[in-house]
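Worksheet: the structure to be examined is printed underneath.
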Protein chains: 2
Amino acid sequence: MSTVEPRIPSGFMELLPADQIVFNWMLRTIREVYERHGFEPIETPALEYSDVLLAKGGGETEKQVYEFTRGDRNYCLHFDLTVPLARYVAEHARELVFPFRRSQLQKVWRAERAQHGRYREFYQCDIDVIGSNEPMVDAEIPSVIFQVFQELGIGSITIRMNNRKVLNGMLTSLGIQDRATEILRIIDKVDKIGWDAVEEEIGKLSIAPSVVKSLRKFLEIEGKNEEVLQALEALGVDNELFQHGLVETREILQAMALLGVPADKVVLDLRIARGLDYYTGVVYETHLDGYEKIGSICSGGRYDDLASYYTTEKLPGVGVSIGLTRLFSQLKEAGLLPKLPRSVSKALIIPFSKEQRTQALQCAQALRAAKISCEVSLESWNLRKHFRYASGRGVPFVIVIGENEVQKGVYTLKDMEKSEQRECTLDELKQALS
Amino acid sequence: MSTVEPRIPSGFMELLPADQIVFNWMLRTIREVYERHGFEPIETPALEYSDVLLAKGGGETEKQVYEFTRGDRNYCLHFDLTVPLARYVAEHARELVFPFRRSQLQKVWRAERAQHGRYREFYQCDIDVIGSNEPMVDAEIPSVIFQVFQELGIGSITIRMNNRKVLNGMLTSLGIQDRATEILRIIDKVDKIGWDAVEEEIGKLSIAPSVVKSLRKFLEIEGKNEEVLQALEALGVDNELFQHGLVETREILQAMALLGVPADKVVLDLRIARGLDYYTGVVYETHLDGYEKIGSICSGGRYDDLASYYTTEKLPGVGVSIGLTRLFSQLKEAGLLPKLPRSVSKALIIPFSKEQRTQALQCAQALRAAKISCEVSLESWNLRKHFRYASGRGVPFVIVIGENEVQKGVYTLKDMEKSEQRECTLDELKQALS
């Protein structure tokens with residue numbers, strides 16, 4: 001029979017088991033931390049009706065949607081978890097309790113142009129609190145993220161935070177709020193093109209040079225968070241939203257400290273705007289210290305109106321998303337992945353010959369009953385081949401059961417890394433492997 | 001703004017958080033048991049190239065594949081985890097160690113005709129051992145499934161087992177092996193149409209009545225496993241495959257007992273053929289005792305050649321699959337779902353007024369550090385509304401912190417189910433909630 005070359009589409013990530021173990025551990029760790037903070041899990045279908053999912057329409061993202069017709073309906077694969085959340089909350093509003101704290105960790109799909117570090121299928125790990133306007137909740141979200149990265153143990157992170165109320169208040173006080181979207185888009189490029197180019201581009205929007213200067217002065221404020229706050233106060237901006245944003249930002253920073261985020265791990269950064277139009281309050285980005293060039297590994301913010309396309313009810317909220325697939329691939333490249341055993345099996349039990357299989361199976365049963373992961377090498381191999389299999393798989397321990405062991409009622413336990421072996425009773429085995 | 005009705009496509013399952021918690025717990029339990037038996041996790045892309053995934057072609061399943069064109073390529077959503085496994089093993093053969101023990105728990109998609117209990121998106125939870133011909137492995141697979149259902153705690157199961165070697169050997173000895181596929185398809189219907197109708201249909205395949213009688217005599221053998229084995233031996237069938245299958249079946253049953261499966265929970269059932277052409281050895285079905293009408297909740301078997309469409313190398317193996325989405329929905333209907341708390345939060349911490357928020361956040365931090373899941377009710381509500389929120393969410397405990405508690409350095413802990421409350425120190429809180 002002629003065969004087809006087995007291969008997956010480009011832009012899709014597929015891992016060997018040893019890496020998959022690390023990936024799953026990271027996913028599970030994120031889920032556990034989210035749930036420890038009371039975020040209820042939901043999961044939405046990968047496929048949705050196009051007319052529902054794309055109700056908002058337009059935008060760059062829509063061009064990247066995998067969409068198709070089946071029967072007389074158009075379907076698409078969800079391209080993020082935010083639109084499905086909006087649909088879910090609007091659809092189930094009467095059955096949910098608000099504020100609704102939800103976590104959602106699923107794959108999403110985007111037909112991105114194939115390039116290094118971009119994936120067409122990737123995990124998003126989202127939390128949101130819907131139906132709350134409390135600034136304390138704005139403080140809680142990044143504290144959860146801080147805890148996630150602590151437990152992932154991949155290095156320290158810095159959370160960069162801004163408040164769109166301060167930014168929008170400033171723009172209003174300068175009389176340029178009507179061109180906010182364009183201005184924000186230009187400001188977002190400052191790290192790439194520099195201040196002079198930004199000033200020039202903003203100037204093209206028929207904004208007076210003096211106004212551009214004031215904006216630049218505002219955006220260049222830097223320093224410790226308290227210094228930034230004081231500098232902002234000193235600007236004496238006569239705008240309610242701005243002043244409200246200032247008070248709120250201080251409150252959020254205080255609450256974050258209470259929630260265990262070290263003061264030097266949160267940086268007020270007035271230039272973070274996060275392109276998306278729909279953020280209306282605090283916005284966050286997260287960088288891995290020493291690996292800032294990776295970009296933000298977790299972003300989000302507060303919005304006024306989550307589900308305006310599905311319900312007339314205003315649903316304010318705040319949330320954040322970790323793009324795990326991209327993060328994983330970048331950590332792998334940088335050699336920063338958490339170190340875990342290469343196999344889910346803690347031990348491979350080797351019956352020296354067929355005669356010891358009964359004992360091997362019984363030993364496996366006893367270990368598993370003690371929640372120790374193990375397996376029996378059931379092939380008719382010589383000892384050397386069994387051991388080669390164990391090291392190929394990356395199993396940390398090997399248990400050999402031969403005639404001698406059966407007679408003495410013991411097990412030979414070998415630590416594969418240390419290359420040490422000793423005789424054990426079953427209880428000692430359990431202890432050594434727990 | 002006009003709104004779009006928020007809704008999901010029919011045939012897709014979407015759960016409220018309380019049910020999602022149960023679903024996730026079941027998924028996690030299955031994964032844990034699989035991994036405790038040394039099955040390494042893999043995950044394959046949801047989208048594959050059509051020419052690769054559908055290389056085998058034909059069959060009912062292909063009509064149900066969600067397929068579409070994007071750019072100049074055809075893609076489809078995987079409709080099971082077996083074909084992706086074949087592709088994965090063929091693609092990564094040099095990087096894998098054989099026997100390759102893999103577990104895979106993912107959603108698959110099939111454009112099934114919409115009907116009760118059928119889903120178009122559903123989880124499959126698969127394990128397979130690739131590259132082993134050992135009958136002991138055939139015994140291990142159902143023992144893993146037995147353990148899974150023990151830990152799921154949804155009731156006892158019976159594993160029905162057959163061996164295609166015995167069946168095919170019998171057919172060969174009767175000289176009707178060439179019509180095996182048609183005969184097996186007819187036999188599969190026996191429970192629906194009865195023996196007389198089966199005999200009549202088989203008779204139409206120009207098979208002599210005496211041969212049909214012999215086949216029926218063989219297929220009607222019933223009893224305890226040892227009785228069935230002895231009755232099969234007594235037939236004196238002069239066929240090597242048949243005799244080999246008998247010896248092997250006895251060996252598998254013995255090993256299953258060693259692996260902790262009670263003898264009365266495995267039933268030799270000579271009529272199980274499992275439609276699929278590619279099973280060549282042992283085949284399994286699993287029924288929930290007392291709920292046999294649900295059908296098989298977990299099925300699988302041994303095959304000779306997993307990946308013939310991708311590689312010329314023969315890859316024998318054995319595996320099994322749990323269809324979790326359908327199982328979940330049927331357990332829910334039957335009121336058999338595992339009972340779990342409705343919320344991931346163990347406790348809701350209520351600051352009596354804004355003044356106690358600091359203490360509430362600190363308490364939450366302390367509990368979370370002890371891995372206790374909790375959250376702070378951060379809205380500016382009166383106590384009654386906080387409590388209504390707690391019971392709406394289904395949080396089992398509430399911790400109230402008022403002025404009085406702060407002064408005394410204690411916490412008021414309320415058990416929501418028992419409606420009992422008492423004052424606690426932080427340590428007592430941790431103890432009560434662990």
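Each chain in the structure tokens gets a letter, A, B, ..., in the order shown, and its residues are numbered from 1; ligands are numbered from 1 in order too.
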Could you pull out the helix (DSSP H, G or I) residues of region 128-345 of chain A from DSSP and send them as a PyMOL selection string? chain A and resi 135-152+164-173+177-187+190-193+195-203+209-219+225-234+240-258+263-265+292-294+324-333
I'd like the contact shell of Cys76 (chain B) - 10 Å cut-off, only C-alpha atoms, skipping same-chain residues fewer than 3 positions apart - returned as a ChimeraX atom specification. /B:46-54,65-69,79,109
In Å, with one decimal, what is the gap from CA of Leu215 (chain B) to CA of Glu199 (chain B)?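 These atoms are spaced 9.2 Å apart.
Excluding region 240-251 of chain B and any residue on its chain fewer than 4 positions from it, the residues at most 8 Å away by only C-alpha atoms are Pro135, Met136, Asn163, Arg164, Lys165, Val166, Leu167, Asn168, Gly169, Met170, Leu229, Leu232, Glu233, Ala255, Gly281 and Val282 of chain B.
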Shortest interatomic distance to chain B - which of A:Ala86, A:Leu253, A:Met26, A:Cys424, counting only C-alpha atoms: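 Distance minimum relative to chain B lands on A:Ala86.
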Report as a list in words all protein, DNA and RNA residues lying within 10 Å of Arg357 (chain B), evaluated on only C-alpha atoms, omitting residues in the same chain fewer than 3 positions from it. Met136, Ala255 and Leu258 of chain A; Ile349, Ile350, Pro351, Phe352, Ser353, Lys354, Ala360, Leu361, Gln362, Cys363, Val376, Ser377, Leu378, Ile401 and Gly402 of chain B
Can you write out the residues you just picked, keeping N, CA and C atoms, as a short mmCIF file (atom, residue, chain, number, x, y, z; two decimals), in the first residue's frame?
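New file selection15.cif:
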```cif
data_model
loop_
_atom_site.label_atom_id
_atom_site.label_comp_id
_atom_site.auth_asym_id
_atom_site.auth_seq_id
_atom_site.Cartn_x
_atom_site.Cartn_y
_atom_site.Cartn_z
N MET A 136 -11.00 47.21 43.85
CA MET A 136 -10.31 46.13 44.55
C MET A 136 -10.18 44.91 43.65
N ALA A 255 -4.03 47.83 47.45
CA ALA A 255 -4.65 46.50 47.58
C ALA A 255 -3.74 45.41 47.03
N LEU A 258 -1.37 44.40 49.66
CA LEU A 258 -2.03 43.51 50.63
C LEU A 258 -2.17 42.10 50.09
N ILE B 349 -15.10 35.21 51.95
CA ILE B 349 -14.74 36.07 53.08
C ILE B 349 -15.48 37.40 52.93
N ILE B 350 -16.27 37.72 53.95
CA ILE B 350 -17.08 38.94 53.88
C ILE B 350 -16.56 39.98 54.86
N PRO B 351 -16.03 41.09 54.36
CA PRO B 351 -15.72 42.21 55.26
C PRO B 351 -17.04 42.90 55.59
N PHE B 352 -17.33 43.05 56.88
CA PHE B 352 -18.62 43.63 57.28
C PHE B 352 -18.82 45.01 56.67
N SER B 353 -17.76 45.79 56.67
CA SER B 353 -17.82 47.07 55.95
C SER B 353 -16.46 47.30 55.27
N LYS B 354 -16.37 48.40 54.55
CA LYS B 354 -15.14 48.71 53.82
C LYS B 354 -13.91 48.69 54.73
N ALA B 360 -9.73 41.27 55.38
CA ALA B 360 -10.32 40.23 54.53
C ALA B 360 -9.31 39.77 53.47
N LEU B 361 -8.63 40.75 52.85
CA LEU B 361 -7.64 40.39 51.83
C LEU B 361 -6.49 39.61 52.45
N GLN B 362 -6.07 40.03 53.64
CA GLN B 362 -4.97 39.32 54.32
C GLN B 362 -5.37 37.90 54.68
N CYS B 363 -6.60 37.74 55.15
CA CYS B 363 -7.11 36.41 55.48
C CYS B 363 -7.12 35.53 54.23
N VAL B 376 -12.73 36.96 48.37
CA VAL B 376 -13.26 38.03 49.20
C VAL B 376 -14.45 38.65 48.48
N SER B 377 -15.53 38.85 49.19
CA SER B 377 -16.68 39.52 48.59
C SER B 377 -16.39 41.02 48.62
N LEU B 378 -16.08 41.58 47.47
CA LEU B 378 -15.53 42.94 47.43
C LEU B 378 -16.57 44.02 47.11
N ILE B 401 -15.85 39.10 58.75
CA ILE B 401 -14.90 39.91 59.52
C ILE B 401 -15.53 41.27 59.73
N GLY B 402 -15.90 41.54 60.99
CA GLY B 402 -16.45 42.84 61.34
C GLY B 402 -15.51 43.55 62.31
#
```
Which of A:Ala273, A:Val83, A:Val406, A:Ile202 sits closest to Glu355 (chain A) [using only C-alpha atoms]: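 Among the listed residues, A:Val406 lies closest to Glu355 (chain A).
Minimum atom-to-atom distances from A:Leu413, A:Val344, A:Ala180, A:Cys125 to chain B were compared using only C-alpha atoms, and the lowest value belongs to A:Val344.
If you measure from each of A:Tyr310, A:Glu375, A:Lys346, A:Thr172 to Val211 (chain A) using only C-alpha atoms, the closest one turns out to be A:Thr172.
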Residues within 9 Å of Thr286 (chain A), only C-alpha atoms, excluding chain neighbours under 4 positions, as an MDAnalysis selection string: chainID A and resid 142 145 157:161 295:299
Go ahead and save the picked residues with all heavy atoms, as a short mmCIF file (atom, residue, chain, number, x, y, z; two decimals), in the first residue's frame.
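In the end it all went to selection_15.cif:
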```cif
data_model
loop_
_atom_site.label_atom_id
_atom_site.label_comp_id
_atom_site.auth_asym_id
_atom_site.auth_seq_id
_atom_site.Cartn_x
_atom_site.Cartn_y
_atom_site.Cartn_z
N PRO A 142 -4.27 41.15 38.84
CA PRO A 142 -2.82 40.98 38.69
C PRO A 142 -2.18 40.20 39.84
O PRO A 142 -1.14 39.56 39.66
CB PRO A 142 -2.28 42.41 38.62
CG PRO A 142 -3.37 43.28 39.12
CD PRO A 142 -4.66 42.57 38.89
N ILE A 145 -2.25 36.70 38.83
CA ILE A 145 -1.23 36.46 37.82
C ILE A 145 0.15 36.36 38.47
O ILE A 145 0.96 35.49 38.12
CB ILE A 145 -1.25 37.59 36.76
CG1 ILE A 145 -2.58 37.54 35.99
CG2 ILE A 145 -0.06 37.50 35.81
CD1 ILE A 145 -2.91 36.20 35.39
N ILE A 157 8.56 38.18 37.47
CA ILE A 157 7.87 38.98 36.46
C ILE A 157 7.64 40.39 36.98
O ILE A 157 7.69 40.64 38.19
CB ILE A 157 6.49 38.39 36.10
CG1 ILE A 157 5.60 38.30 37.35
CG2 ILE A 157 6.63 37.05 35.42
CD1 ILE A 157 4.13 38.16 37.04
N THR A 158 7.43 41.30 36.06
CA THR A 158 7.01 42.65 36.42
C THR A 158 5.69 42.94 35.73
O THR A 158 5.54 42.67 34.53
CB THR A 158 8.06 43.69 36.00
OG1 THR A 158 9.28 43.39 36.68
CG2 THR A 158 7.62 45.09 36.36
N ILE A 159 4.74 43.41 36.52
CA ILE A 159 3.44 43.77 35.98
C ILE A 159 3.45 45.27 35.69
O ILE A 159 3.70 46.08 36.58
CB ILE A 159 2.32 43.41 36.97
CG1 ILE A 159 2.28 41.90 37.19
CG2 ILE A 159 0.97 43.93 36.47
CD1 ILE A 159 1.44 41.45 38.36
N ARG A 160 3.25 45.65 34.45
CA ARG A 160 3.17 47.06 34.08
C ARG A 160 1.69 47.41 33.99
O ARG A 160 0.90 46.72 33.38
CB ARG A 160 3.88 47.32 32.75
CG ARG A 160 5.34 46.84 32.78
CD ARG A 160 6.10 47.23 31.54
NE ARG A 160 6.63 48.58 31.63
CZ ARG A 160 7.72 48.91 32.32
NH1 ARG A 160 8.40 47.98 32.97
NH2 ARG A 160 8.14 50.15 32.36
N MET A 161 1.35 48.53 34.65
CA MET A 161 -0.05 48.87 34.79
C MET A 161 -0.29 50.31 34.41
O MET A 161 0.57 51.17 34.60
CB MET A 161 -0.43 48.66 36.25
CG MET A 161 -1.90 48.51 36.50
SD MET A 161 -2.18 48.08 38.24
CE MET A 161 -2.29 49.72 38.93
N GLY A 295 8.15 40.17 24.96
CA GLY A 295 6.89 40.93 24.92
C GLY A 295 6.01 40.56 26.10
O GLY A 295 6.44 39.81 26.99
N SER A 296 4.80 41.08 26.11
CA SER A 296 3.90 40.83 27.23
C SER A 296 3.43 39.38 27.20
O SER A 296 2.95 38.89 26.19
CB SER A 296 2.71 41.77 27.18
OG SER A 296 1.83 41.47 28.24
N ILE A 297 3.59 38.71 28.35
CA ILE A 297 3.19 37.30 28.41
C ILE A 297 1.79 37.13 29.01
O ILE A 297 1.29 36.02 29.12
CB ILE A 297 4.21 36.46 29.21
CG1 ILE A 297 4.41 37.05 30.61
CG2 ILE A 297 5.53 36.40 28.47
CD1 ILE A 297 5.38 36.26 31.47
N CYS A 298 1.18 38.24 29.37
CA CYS A 298 -0.13 38.18 30.00
C CYS A 298 -0.68 39.60 30.04
O CYS A 298 -0.04 40.49 30.59
CB CYS A 298 0.03 37.62 31.40
SG CYS A 298 -1.43 37.73 32.41
N SER A 299 -1.83 39.81 29.44
CA SER A 299 -2.35 41.17 29.31
C SER A 299 -3.84 41.19 29.56
O SER A 299 -4.51 40.17 29.45
CB SER A 299 -2.08 41.71 27.90
OG SER A 299 -0.75 41.47 27.52
#
```
Mind listing the strand (DSSP E) residues of region 61-266 of chain A, per DSSP on the backbone, as a count of residues only? 37
If you count only C-alpha atoms, which residues fall within 12 Å of Ser10 (chain A), apart from same-chain ones fewer than 6 positions away, as a PDB file with N, CA and C atoms, in the first residue's frame?
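Writing the result to around_25.pdb gives the following:
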```pdb
ATOM      1  N   ALA A 111      -5.956  32.061  11.845  1.00  0.00           N
ATOM      2  CA  ALA A 111      -5.164  31.796  10.647  1.00  0.00           C
ATOM      3  C   ALA A 111      -4.130  32.904  10.482  1.00  0.00           C
ATOM      4  N   GLU A 112      -3.195  32.967  11.431  1.00  0.00           N
ATOM      5  CA  GLU A 112      -2.112  33.962  11.410  1.00  0.00           C
ATOM      6  C   GLU A 112      -1.203  33.689  10.218  1.00  0.00           C
ATOM      7  N   ARG A 113      -0.555  34.737   9.740  1.00  0.00           N
ATOM      8  CA  ARG A 113       0.499  34.518   8.772  1.00  0.00           C
ATOM      9  C   ARG A 113       1.581  33.698   9.481  1.00  0.00           C
ATOM     10  N   ALA A 114       2.042  32.636   8.809  1.00  0.00           N
ATOM     11  CA  ALA A 114       3.012  31.756   9.461  1.00  0.00           C
ATOM     12  C   ALA A 114       4.313  32.519   9.709  1.00  0.00           C
ATOM     13  N   GLN A 115       4.736  32.608  10.950  1.00  0.00           N
ATOM     14  CA  GLN A 115       6.040  33.185  11.251  1.00  0.00           C
ATOM     15  C   GLN A 115       6.496  32.668  12.602  1.00  0.00           C
ATOM     16  N   HIS A 116       7.791  32.811  12.825  1.00  0.00           N
ATOM     17  CA  HIS A 116       8.396  32.305  14.041  1.00  0.00           C
ATOM     18  C   HIS A 116       7.655  32.808  15.291  1.00  0.00           C
ATOM     19  N   GLY A 117       7.286  31.884  16.153  1.00  0.00           N
ATOM     20  CA  GLY A 117       6.678  32.271  17.422  1.00  0.00           C
ATOM     21  C   GLY A 117       5.196  32.575  17.347  1.00  0.00           C
ATOM     22  N   ARG A 118       4.637  32.511  16.133  1.00  0.00           N
ATOM     23  CA  ARG A 118       3.191  32.713  15.975  1.00  0.00           C
ATOM     24  C   ARG A 118       2.530  31.360  15.814  1.00  0.00           C
ATOM     25  N   TYR A 119       1.455  31.136  16.482  1.00  0.00           N
ATOM     26  CA  TYR A 119       0.753  29.866  16.341  1.00  0.00           C
ATOM     27  C   TYR A 119      -0.669  30.086  15.843  1.00  0.00           C
ATOM     28  N   ARG A 120      -1.138  29.102  15.082  1.00  0.00           N
ATOM     29  CA  ARG A 120      -2.503  29.181  14.560  1.00  0.00           C
ATOM     30  C   ARG A 120      -3.483  28.473  15.480  1.00  0.00           C
ATOM     31  N   GLU A 121      -2.933  27.685  16.377  1.00  0.00           N
ATOM     32  CA  GLU A 121      -3.733  27.034  17.413  1.00  0.00           C
ATOM     33  C   GLU A 121      -2.995  27.268  18.713  1.00  0.00           C
TER      34      GLU A 121
ATOM     35  N   PRO B  45      -3.006  18.512  17.175  1.00  0.00           N
ATOM     36  CA  PRO B  45      -3.809  19.660  16.744  1.00  0.00           C
ATOM     37  C   PRO B  45      -5.250  19.254  16.430  1.00  0.00           C
ATOM     38  N   LEU B  47      -6.965  20.695  14.156  1.00  0.00           N
ATOM     39  CA  LEU B  47      -7.039  20.778  12.697  1.00  0.00           C
ATOM     40  C   LEU B  47      -5.900  19.980  12.080  1.00  0.00           C
ATOM     41  N   GLU B  48      -6.226  19.188  11.081  1.00  0.00           N
ATOM     42  CA  GLU B  48      -5.190  18.479  10.331  1.00  0.00           C
ATOM     43  C   GLU B  48      -5.463  18.687   8.836  1.00  0.00           C
ATOM     44  N   TYR B  49      -4.443  18.432   8.019  1.00  0.00           N
ATOM     45  CA  TYR B  49      -4.649  18.451   6.575  1.00  0.00           C
ATOM     46  C   TYR B  49      -5.591  17.304   6.207  1.00  0.00           C
ATOM     47  N   ARG B  73      -5.337  25.010   0.847  1.00  0.00           N
ATOM     48  CA  ARG B  73      -5.289  23.733   1.561  1.00  0.00           C
ATOM     49  C   ARG B  73      -6.652  23.331   2.086  1.00  0.00           C
ATOM     50  N   TYR B  75      -8.516  21.524   5.192  1.00  0.00           N
ATOM     51  CA  TYR B  75      -8.312  21.168   6.592  1.00  0.00           C
ATOM     52  C   TYR B  75      -9.531  20.418   7.094  1.00  0.00           C
TER      53      TYR B  75
END
```
With distances taken over only C-alpha atoms, which of A:Ile252, A:Ala208, A:Ala390, A:Ile294 is nearest to Val137 (chain A)?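 Of the candidates, the smallest distance to Val137 (chain A) is held by A:Ile252.
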